[in-house]
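> My structure is below; once you've seen it, I'll send some questions.
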There are 2 protein chains.
Amino acid sequence: MSILVVGSVAFDKIETPFGQTDRIVGGAASYIALSAANFHQPVNLVGVVGGDFPQAFIEKLQQRGVDTRGLEIRTHEKSFFWHGRYHNDLNTRDTLETQLNVLETFDPQVPEAYRESEFLMLGNLMPDLQRSVIGQMKKRPKLIVMDTMNFWMDIAMDSVKQTIAQVDVLTINDEEARQLSGEYSLVKAARLIMKMGPRFVIIKKGEHGALLFHSDQVFYAPALPLEEVYDPTGAGDTFAGGFLGYLASTSDISFANMKNAIIYGSTMASFCVERFGTERLESLTLADIRGRYQAFLDLVQIEMQLV
Amino acid sequence: MSILVVGSVAFDKIETPFGQTDRIVGGAASYIALSAANFHQPVNLVGVVGGDFPQAFIEKLQQRGVDTRGLEIRTHEKSFFWHGRYHNDLNTRDTLETQLNVLETFDPQVPEAYRESEFLMLGNLMPDLQRSVIGQMKKRPKLIVMDTMNFWMDIAMDSVKQTIAQVDVLTINDEEARQLSGEYSLVKAARLIMKMGPRFVIIKKGEHGALLFHSDQVFYAPALPLEEVYDPTGAGDTFAGGFLGYLASTSDISFANMKNAIIYGSTMASFCVERFGTERLESLTLADIRGRYQAFLDLVQIEMQLV
């Protein structure tokens, strides 16, 4: 089972109530790949960076099991840059600056060696580019997971819907699910989104956990109540990486197995937010992950007692 | 095991995005008693109403297993009245009108027959009155559960804290937990509140479920994702009633059993919000409750799969 991840590899500058960073490494694909590689290797990566991007981080990705042959390096250009500030509740944020740079003309090229990957993760990116990647696959992947955001819905809703129609799983946050469906109730929103194509819809609710919908079934993964959340940046991508990595490692895409997959996704996200950027993800061990997964189970599991 | 509930029995006028009611029966103690009586009977009730209060509702309480000898009826006065309007997200509301009426001079008298009740629920009420009830008990109840709200913290924080110091379980919503503790993190907030007295703290997060804290342990009960939520009024009280009723029926106040108790509390709350006011609670059967409880378990239970 091979995994292919496409998405941004970039610089972020982050301000939270607990501190701020200089320019650090971020981007959807960085988080997804670092997270997924804990479960299954290699993780094939397609993305683009400029000549300003640190070689050391690329080597770190490789050490963690990421195949970076699909990471295009444009020596004379600059990497994508995002600068944002989180509000006190950490659930909302303002974008202070966005520099598209290399992303402006990004045209993802899937290397020959990646074109039979069975698990495809389309990280948040222009929806046209997401479809271009699907079109380059030699055969239809076993599972295509797509992430997107309100930004693309605002400026390219038709294209977003065209991509949604081609995927198996859509991951989306609660506000975006409401925007996409026009329904306030998340149950109704998920049902409408499934009619657009995906057999599975995952609605991410940040500190309130995540819901997995499939047909008329629903499963809920809580978020772990954490004492400190330093930086939510990348939590959704880290979640998606854990979800996909676990599925690829088991090669089982049943609803029953996806329940565990979103617990593993939540497990990974809970580590991500403990430090700024990708820092915590870079040193995780399988023992860390198993321990935290157990804590997630303990949080909700009970001995049934009928009245 | 006998249950004593003290709190308001009142009229509400409710506006939600889905409709509005005329003056209907409400009040914390109405919801708590109706909910608890599904699990254990009798539920002894202490409260006060005016001559305008419908005898038919008092009879309904009795039919559902509530002992109303402690419900004072002041024939020449009027019942407490609250008029509120919920915002579109149903998580926030504005109070449009409050008439204290009989509550203004309420001085709860616990009938002799109730004074050895082993499970005491102090519904949201002036904190002085909550302590007065504790003082009237012949022996210290096995478990005292207290609910309160921001209104009392704003005008009588010292008294709120004096009552909190005397109880075993505090139920409180997330914003109120932050106000009471001065901590944004709910984990930190719960820890500080436990230092104020209660061995158990339940933080209610509305549509995002509830957290149970005890010592260094935490348990999470999700809310069921519902297609329609008509009216959140009384959901927290209904939750508390289910929690207490289940505990009284089992006479087991261990942390392990409280996990089930908050699932039963959540189960009851999920019914409450499906109709305006107490309507849905008035016709519930044990079979309804068992089926919904099973749905709660299905929502989060998984077969553990270690990576």
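Each chain of the structure tokens is named A, B, ... in the order shown, its residues numbered from 1; ligands are numbered from 1 in display order.
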Among segment 38-120 of chain B, which ones does DSSP assign to strand (DSSP E or B) (computed from the backbone)? Answer as a PyMOL selection string.

chain B and resi 43-50+66-74+81-86+93-99+119-120

> If the cut-off is 6 Å, can you tell me the residues of chain A near chain B, counting only C-alpha atoms? I'd like them as a list in words.

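Taken together, these residues fit the definition: Ser185, Val187, Phe219, Tyr220, Glu227, Leu299 and Val300 of chain A.
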
> Please, could you write that set of residues out with C-alpha atoms as an mmCIF file, in the first residue's frame?


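The resulting file, selection22.cif, is shown below:
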data_model
loop_
_atom_site.group_PDB
_atom_site.id
_atom_site.type_symbol
_atom_site.label_atom_id
_atom_site.label_comp_id
_atom_site.auth_asym_id
_atom_site.auth_seq_id
_atom_site.Cartn_x
_atom_site.Cartn_y
_atom_site.Cartn_z
ATOM 1 C CA SER A 185 -27.349 20.912 11.229
ATOM 2 C CA VAL A 187 -26.191 15.739 10.237
ATOM 3 C CA PHE A 219 -19.120 7.905 14.590
ATOM 4 C CA TYR A 220 -17.669 10.493 16.895
ATOM 5 C CA GLU A 227 -4.131 21.497 29.550
ATOM 6 C CA LEU A 299 -11.779 9.026 27.635
ATOM 7 C CA VAL A 300 -14.983 7.526 26.224
#

> Between B:Met196, B:Gly123, B:Glu112, B:Thr98, which is the closest to Gly241 of chain B once you count only C-alpha atoms?

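Among B:Met196, B:Gly123, B:Glu112, B:Thr98, it is B:Gly123 that comes nearest to Gly241 of chain B.
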
> Name the residues of segment 183-270 of chain A that fall into helix (DSSP H, G or I) according to DSSP on the backbone, using the chain letters and numbers of this document, as an NGL selection string.

:A and (186-195 or 206-208 or 235-250 or 255-270)

> Please identify all polymer residues within 7 Å of Pro232 of chain B, counting only C-alpha atoms, omitting same-chain residues fewer than 2 positions from it, and present them as a PDB file with all heavy atoms, in the first residue's frame.


ATOM      1  N   LEU B  90     -28.180  28.449  18.542  1.00  0.00           N
ATOM      2  CA  LEU B  90     -28.835  27.824  19.702  1.00  0.00           C
ATOM      3  C   LEU B  90     -27.915  27.700  20.920  1.00  0.00           C
ATOM      4  O   LEU B  90     -28.326  27.161  21.947  1.00  0.00           O
ATOM      5  CB  LEU B  90     -29.408  26.442  19.350  1.00  0.00           C
ATOM      6  CG  LEU B  90     -30.596  26.423  18.380  1.00  0.00           C
ATOM      7  CD1 LEU B  90     -30.981  24.992  18.041  1.00  0.00           C
ATOM      8  CD2 LEU B  90     -31.798  27.148  18.972  1.00  0.00           C
ATOM      9  N   TYR B 230     -34.768  21.650  18.540  1.00  0.00           N
ATOM     10  CA  TYR B 230     -35.802  22.684  18.527  1.00  0.00           C
ATOM     11  C   TYR B 230     -35.607  23.699  19.628  1.00  0.00           C
ATOM     12  O   TYR B 230     -35.809  24.889  19.447  1.00  0.00           O
ATOM     13  CB  TYR B 230     -37.198  22.062  18.624  1.00  0.00           C
ATOM     14  CG  TYR B 230     -37.653  21.572  17.285  1.00  0.00           C
ATOM     15  CD1 TYR B 230     -37.507  20.233  16.934  1.00  0.00           C
ATOM     16  CD2 TYR B 230     -38.150  22.455  16.339  1.00  0.00           C
ATOM     17  CE1 TYR B 230     -37.878  19.788  15.683  1.00  0.00           C
ATOM     18  CE2 TYR B 230     -38.522  22.014  15.084  1.00  0.00           C
ATOM     19  CZ  TYR B 230     -38.387  20.685  14.754  1.00  0.00           C
ATOM     20  OH  TYR B 230     -38.734  20.256  13.513  1.00  0.00           O
ATOM     21  N   GLY B 234     -33.667  23.850  29.280  1.00  0.00           N
ATOM     22  CA  GLY B 234     -33.810  22.728  30.205  1.00  0.00           C
ATOM     23  C   GLY B 234     -32.902  21.555  29.923  1.00  0.00           C
ATOM     24  O   GLY B 234     -32.904  20.569  30.674  1.00  0.00           O
ATOM     25  N   ALA B 235     -32.096  21.635  28.858  1.00  0.00           N
ATOM     26  CA  ALA B 235     -31.250  20.482  28.515  1.00  0.00           C
ATOM     27  C   ALA B 235     -30.249  20.177  29.639  1.00  0.00           C
ATOM     28  O   ALA B 235     -30.042  19.018  29.998  1.00  0.00           O
ATOM     29  CB  ALA B 235     -30.516  20.730  27.205  1.00  0.00           C
ATOM     30  N   VAL B 273     -34.267  18.274  23.942  1.00  0.00           N
ATOM     31  CA  VAL B 273     -34.131  19.323  22.927  1.00  0.00           C
ATOM     32  C   VAL B 273     -34.935  19.053  21.653  1.00  0.00           C
ATOM     33  O   VAL B 273     -35.007  19.906  20.771  1.00  0.00           O
ATOM     34  CB  VAL B 273     -32.648  19.552  22.547  1.00  0.00           C
ATOM     35  CG1 VAL B 273     -31.839  19.923  23.783  1.00  0.00           C
ATOM     36  CG2 VAL B 273     -32.039  18.328  21.854  1.00  0.00           C
TER      37      VAL B 273
END

> Excluding same-chain residues fewer than 2 positions from segment 278-280 of chain B, what lies within 9 Å of it counting only C-alpha atoms, as a list in words?

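Skipping anything fewer than 2 positions along the chain leaves Ile24, Val25, Gly26, Ser30, Tyr31, Leu34, Thr233, Gly234, Phe271, Cys272, Val273, Glu274, Arg275, Phe276, Glu282, Ser283 and Leu284 of chain B.
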
> For the selection just defined, write its residues with N, CA and C atoms to a file, as a PDB file, in the first residue's frame.


ATOM      1  N   ILE B  24     -45.242  28.514  28.674  1.00  0.00           N
ATOM      2  CA  ILE B  24     -45.317  27.073  28.942  1.00  0.00           C
ATOM      3  C   ILE B  24     -44.603  26.770  30.249  1.00  0.00           C
ATOM      4  N   VAL B  25     -44.817  25.581  30.766  1.00  0.00           N
ATOM      5  CA  VAL B  25     -44.196  25.205  32.033  1.00  0.00           C
ATOM      6  C   VAL B  25     -42.716  24.927  31.846  1.00  0.00           C
ATOM      7  N   GLY B  26     -41.913  25.426  32.762  1.00  0.00           N
ATOM      8  CA  GLY B  26     -40.485  25.166  32.741  1.00  0.00           C
ATOM      9  C   GLY B  26     -39.934  25.193  34.148  1.00  0.00           C
ATOM     10  N   SER B  30     -38.488  21.335  37.441  1.00  0.00           N
ATOM     11  CA  SER B  30     -39.426  20.566  36.605  1.00  0.00           C
ATOM     12  C   SER B  30     -38.659  19.598  35.716  1.00  0.00           C
ATOM     13  N   TYR B  31     -37.627  20.126  35.038  1.00  0.00           N
ATOM     14  CA  TYR B  31     -36.842  19.288  34.131  1.00  0.00           C
ATOM     15  C   TYR B  31     -36.076  18.208  34.906  1.00  0.00           C
ATOM     16  N   LEU B  34     -38.631  15.496  36.313  1.00  0.00           N
ATOM     17  CA  LEU B  34     -39.188  14.655  35.243  1.00  0.00           C
ATOM     18  C   LEU B  34     -38.137  13.695  34.694  1.00  0.00           C
ATOM     19  N   THR B 233     -33.737  24.768  25.914  1.00  0.00           N
ATOM     20  CA  THR B 233     -34.142  25.117  27.281  1.00  0.00           C
ATOM     21  C   THR B 233     -34.284  23.850  28.122  1.00  0.00           C
ATOM     22  N   GLY B 234     -33.667  23.850  29.280  1.00  0.00           N
ATOM     23  CA  GLY B 234     -33.810  22.728  30.205  1.00  0.00           C
ATOM     24  C   GLY B 234     -32.902  21.555  29.923  1.00  0.00           C
ATOM     25  N   PHE B 271     -33.217  13.881  24.330  1.00  0.00           N
ATOM     26  CA  PHE B 271     -34.680  13.875  24.131  1.00  0.00           C
ATOM     27  C   PHE B 271     -35.256  15.271  24.354  1.00  0.00           C
ATOM     28  N   CYS B 272     -34.789  15.901  25.433  1.00  0.00           N
ATOM     29  CA  CYS B 272     -35.346  17.200  25.838  1.00  0.00           C
ATOM     30  C   CYS B 272     -35.364  18.204  24.692  1.00  0.00           C
ATOM     31  N   VAL B 273     -34.267  18.274  23.942  1.00  0.00           N
ATOM     32  CA  VAL B 273     -34.131  19.323  22.927  1.00  0.00           C
ATOM     33  C   VAL B 273     -34.935  19.053  21.653  1.00  0.00           C
ATOM     34  N   GLU B 274     -35.540  17.879  21.580  1.00  0.00           N
ATOM     35  CA  GLU B 274     -36.302  17.542  20.372  1.00  0.00           C
ATOM     36  C   GLU B 274     -37.662  18.234  20.291  1.00  0.00           C
ATOM     37  N   ARG B 275     -38.153  18.745  21.416  1.00  0.00           N
ATOM     38  CA  ARG B 275     -39.436  19.448  21.422  1.00  0.00           C
ATOM     39  C   ARG B 275     -39.281  20.692  22.294  1.00  0.00           C
ATOM     40  N   PHE B 276     -40.254  21.567  22.235  1.00  0.00           N
ATOM     41  CA  PHE B 276     -40.245  22.723  23.126  1.00  0.00           C
ATOM     42  C   PHE B 276     -40.553  22.280  24.553  1.00  0.00           C
ATOM     43  N   GLU B 282     -42.328  14.234  28.915  1.00  0.00           N
ATOM     44  CA  GLU B 282     -43.564  13.799  29.570  1.00  0.00           C
ATOM     45  C   GLU B 282     -44.065  12.458  29.072  1.00  0.00           C
ATOM     46  N   SER B 283     -43.519  11.998  27.947  1.00  0.00           N
ATOM     47  CA  SER B 283     -44.045  10.752  27.376  1.00  0.00           C
ATOM     48  C   SER B 283     -42.972   9.680  27.197  1.00  0.00           C
ATOM     49  N   LEU B 284     -41.784   9.906  27.767  1.00  0.00           N
ATOM     50  CA  LEU B 284     -40.690   8.955  27.560  1.00  0.00           C
ATOM     51  C   LEU B 284     -40.962   7.610  28.234  1.00  0.00           C
TER      52      LEU B 284
END

> Find the spatial neighbours of Arg199 of chain B, counting only C-alpha atoms, within a cut-off of 9 Å - ignore same-chain residues fewer than 3 positions away - and output them as number ranges by chain.

B: 167-170, 194-195, 213-215

> Store the residues picked out above in a file with C-alpha atoms, as a PDB file, in the first residue's frame.


ATOM      1  CA  VAL B 167     -21.155  19.843  47.589  1.00  0.00           C
ATOM      2  CA  ASP B 168     -19.781  16.683  45.987  1.00  0.00           C
ATOM      3  CA  VAL B 169     -20.545  17.418  42.352  1.00  0.00           C
ATOM      4  CA  LEU B 170     -20.730  20.755  40.572  1.00  0.00           C
ATOM      5  CA  MET B 194     -12.167  20.788  42.605  1.00  0.00           C
ATOM      6  CA  LYS B 195      -9.900  22.676  45.018  1.00  0.00           C
ATOM      7  CA  PHE B 213     -13.479  15.407  36.085  1.00  0.00           C
ATOM      8  CA  HIS B 214     -12.452  13.591  39.279  1.00  0.00           C
ATOM      9  CA  SER B 215      -9.000  13.799  40.823  1.00  0.00           C
TER      10      SER B 215
END

> Can you pull out every residue within 8 Å of Glu97 of chain B, counting only C-alpha atoms, but drop anything in the same chain fewer than 5 positions away, and send it as a VMD selection string?

chain B and resid 81 to 84

> Would you mind exporting the chosen residues as an mmCIF file, in the first residue's frame, restricted to C-alpha atoms?


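And here's out_32.cif as it stands now:
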data_model
loop_
_atom_site.group_PDB
_atom_site.id
_atom_site.type_symbol
_atom_site.label_atom_id
_atom_site.label_comp_id
_atom_site.auth_asym_id
_atom_site.auth_seq_id
_atom_site.Cartn_x
_atom_site.Cartn_y
_atom_site.Cartn_z
ATOM 1 C CA PHE B 81 -41.567 33.802 34.524
ATOM 2 C CA TRP B 82 -38.689 33.866 32.029
ATOM 3 C CA HIS B 83 -38.823 35.006 28.426
ATOM 4 C CA GLY B 84 -35.830 34.325 26.220
#

> Rounded to one decimal in Å, what is the spacing between atom CA of Phe11 of chain B and atom CA of Ala113 of chain B?

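Distance reported for this atom pair: 27.4 Å.
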
> Which distance in Å separates atom CA of Arg74 of chain A and atom CA of Gly51 of chain A, to one decimal?

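It comes out at 5.7 Å.
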
> Could you check how far atom CA of Ile73 of chain A sits from atom CA of Gly47 of chain A, in Å to one decimal?

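Computing the Euclidean distance for atom CA of Ile73 of chain A and atom CA of Gly47 of chain A yields 8.7 Å.
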